[in-house]
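Engineer: Dumping the structure here so I can ask a few things about it.
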Amino acid sequence: MGYVAVSGGSEAILNTEKLLAYFRLKGKSEPLGVDQIRDQLRLAVDKVMGEGSLYAPTIAALAIKQAEGDSIEASFILRAYRATQPRRYISLAVDTTKMRVIRRISGAFQEIPGGQILGPTRDYTQRLVDFSLLAEDRTQMEQVLRKAGVGTMPERLPDTFPKVVDLLRQEGVLTCLEASEKVCDITRQALTFPIERSAKLQSLARGETGAMMSLAYSCIRGYGDIHPYLGELRVGYVPLYIQRPGRLEPLYVGRILITEAEIIAQYGEGDKTKKPQLTLGYGLCFGHNELKAMSMGILDRSTRSTSPHKAPAEDEEFVLYHIDGIEASGFVYHWKLPHYVTFQSTLDRLRRSQQLKEEADNAQHQAE
Amino acid sequence: MLNIRQSKRNTGYNFAFLDENTKREIRRKTLKAVAIPGYQVPFASPELPIARGWGTGGLQVTMAIIGQEDILKVIDQGCDGGVNAVNIRNLITKTTGVKTTFDTKEATILQTRHRIPEEPMDENQIVVLQVPIPEPLRFVEASMAKAQEMHAEMDYSRMWVFLYEDIVKWGEITIGARYPSLVNHRYLIDPSPIPRWDVPKLNMANTLFLFGAGREKRIYAVPPHTRVEPMEFEDHRFRVEDFTGRACVRCGAIDTYMNEIYDERSGKKIHLCSDSSHCDKVREQKEGRLDVGE
């Protein structure tokens, strides 16, 4: 008999690599520049940096190119690269009141000190296909850039904007959150529950945007009890500093673009001895990703629910174990791997159950 | 076919890919796991260039314990040539340059998914199992925090009830692979999705078994000479898969775990050993050209 054990894996794997490259290039259009992806697909790059948990725009753009635009795959490539990088310093806590904002709005107040700044947003655009982009060329690009008016600074642009939530805190209507005593590092320690708040915020900050959106949506729609307001949403650049041993002055190491969302939610039961206050959910992520920052704010608040009957989005363990795109996609995909042995074992159990049922039916039939 | 092979190490990364600090953490957690048989030790589990759920836990354990002198065997479903086994073997050899083998007896470290080889192994060998779900109580309790409490209190009552209800409903315990087993009379483990056929191989073995769950970030161990008892009732005993009347179409063995497949030509169902290197050995022995092994 000519039966052989399944093999030939090495050759098959090499062929898949060749085919991937072929399918990426077979249209024969101009090879895609990584700088083009970084500059013109900036929101995709930001999403990948957030979920890949590494602020590296060029490498993220390269990962997007390599993954043919699959954002989860690109985040995975970036995250795996991150895991090989040495960890030399921990930055000082970022003060987001020092943010150089490109966008800043509040949904809770009509007027906020410093004003509402719409910035680059599609919120009030009509989602019509823009056919003019079909033939965009360099001349048009230069024209658009000239006309945008960026670079002509307003007369008096404030350096910092007061935070809406700080005003509410001063007035005593919003709870002050206690600072974390200990800052965890979830890349060095597995999550365990009950979880430190710092570990929870880290997990949310690198969660998958779609998964977080879906859970946050379930909660605001009715599976849960959170009625959020958007206290403030900010997008802008913040400076990062590190403290080096033997130096007094913190060292400036660069700036990163972040999105920050402060979600104000209804007052909980909390401490009965104190006056009722509104509560805050906090969201912050790399790059410009408003959907993720807002979902994070909602989930930060919803997972602090004290309800005895928790909705999925209120269950801390449920939320944090299921929002990581790299873990979730890996495990869903793993069913593509061979499961011959376990399936054989399942068949063995099924046939035994079928046999027992048949025997029981026969016995009953004979008794009748 | 079973001959030892060696390929050149790619020097772009540290030996065995992981940096030394990460390896040290994994080794510390592994020692703890060996010291408390069956207890799930949380570990950092950084991302690897292999997808989560595709053997990253086993890989990290292997990478942390492997040395230049080791001889590695990697199998998936019992087979050395499966695509995932090849992929994992390639990553380890690329970053270590260690020797590899298909021969179970030759290996010093054997990484596996879903099988323990048919041939008995000895005290100089370590088996590393890839684990998708480290928590045996997941059948009855989805929350890791609650399951941890149940382990602490050795409260396995809900699992017993689960098995009992299975018998009431189906006349039989329906768990195929991943059969919950008690280690050292103390901790219940998920022995990874090995078939029930392989569970008795863990009991009082000469070999150290290390279990790595990468996505779930847990390591646990069954040290040599440790009791491993599958959950069973006095009047309803644990049973392995039944291959009565079957023989491997390739080597003729009747005492191995087999996969049923449909023959392309005849459309008939046939059986084939899942442990491919053992199957090769039996076949070669029968043909009188055994050229490897002791």
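The chains in the structure tokens are called A, B, ... from first to last as shown; in each chain the residues are counted from 1, and the ligands are counted from 1 in the order shown.
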Taking only C-alpha atoms into account, what are the residues of chain A at most 7 Å from chain B, put as a PyMOL selection string?
Structural biologist: chain A and resi 1+3+5-10+79-80+83+187-190+193+326-327+330-331+334+340-342+344-346+348-349+353+356
Engineer: Where in segment 77-308 of chain A does DSSP assign strand (DSSP E or B), given as a PyMOL selection string?
Structural biologist: chain A and resi 91+100-105+117+174+229-242+251-265+278-286
Engineer: Write out as a PDB file with C-alpha atoms, in the first residue's frame the residues lying within 9 Å of segment 299-306 of chain A, counting only C-alpha atoms and excluding same-chain residues fewer than 5 positions away.
Structural biologist:
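Writing done, so here's out-v4.pdb:
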```
ATOM      1  CA  LYS A 200      -6.812  47.757  33.122  1.00  0.00           C
ATOM      2  CA  LEU A 201      -6.134  51.056  31.342  1.00  0.00           C
ATOM      3  CA  LEU A 204      -7.883  48.946  27.070  1.00  0.00           C
ATOM      4  CA  MET A 212     -14.185  47.774  22.071  1.00  0.00           C
ATOM      5  CA  LEU A 215     -18.904  46.168  23.730  1.00  0.00           C
ATOM      6  CA  ALA A 216     -19.252  49.895  24.427  1.00  0.00           C
ATOM      7  CA  CYS A 219     -23.604  48.980  27.078  1.00  0.00           C
ATOM      8  CA  GLY A 224     -25.824  47.633  31.076  1.00  0.00           C
ATOM      9  CA  ASP A 225     -26.609  50.821  32.812  1.00  0.00           C
ATOM     10  CA  ILE A 226     -24.398  53.608  31.613  1.00  0.00           C
ATOM     11  CA  ILE A 263     -16.704  60.277  29.533  1.00  0.00           C
ATOM     12  CA  ILE A 264     -19.024  61.587  32.203  1.00  0.00           C
ATOM     13  CA  ALA A 265     -21.544  59.081  33.475  1.00  0.00           C
ATOM     14  CA  GLY A 268     -23.561  55.583  41.107  1.00  0.00           C
ATOM     15  CA  GLU A 269     -24.652  54.503  44.534  1.00  0.00           C
ATOM     16  CA  GLY A 270     -21.134  54.589  45.914  1.00  0.00           C
ATOM     17  CA  THR A 279     -18.427  59.641  37.660  1.00  0.00           C
ATOM     18  CA  LEU A 280     -15.726  59.610  34.994  1.00  0.00           C
ATOM     19  CA  GLY A 281     -14.579  57.070  32.437  1.00  0.00           C
ATOM     20  CA  TYR A 282     -11.163  57.661  30.901  1.00  0.00           C
ATOM     21  CA  GLY A 283      -9.949  56.805  27.428  1.00  0.00           C
ATOM     22  CA  MET A 294     -14.483  57.023  23.412  1.00  0.00           C
ATOM     23  CA  ALA A 313     -19.685  45.169  29.116  1.00  0.00           C
ATOM     24  CA  GLU A 314     -19.810  45.661  32.889  1.00  0.00           C
ATOM     25  CA  ASP A 315     -17.836  42.508  33.650  1.00  0.00           C
ATOM     26  CA  GLU A 316     -14.207  43.547  33.935  1.00  0.00           C
ATOM     27  CA  GLU A 317     -12.781  40.079  33.299  1.00  0.00           C
ATOM     28  CA  VAL A 319     -14.170  42.812  28.698  1.00  0.00           C
TER      29      VAL A 319
END
```
Engineer: Which polymer residues have any atom within 12 Å of an atom of Arg27 of chain B, counting only C-alpha atoms, with same-chain residues fewer than 6 positions away left out, as a list in words?
Structural biologist: Glu20, Asn21, Ala33, Val34, Val41, Phe43, Ala44, Gln60, Val61, Thr62, Met63, Ala64, Ile65, Ile66, Leu210, Gly212, Ile219 and Tyr220 of chain B
Engineer: What does the distance between atom CA of Gly210 of chain A and atom CA of Ala44 of chain A come to in Å, to one decimal place?
Structural biologist: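 It comes out at 13.0 Å.
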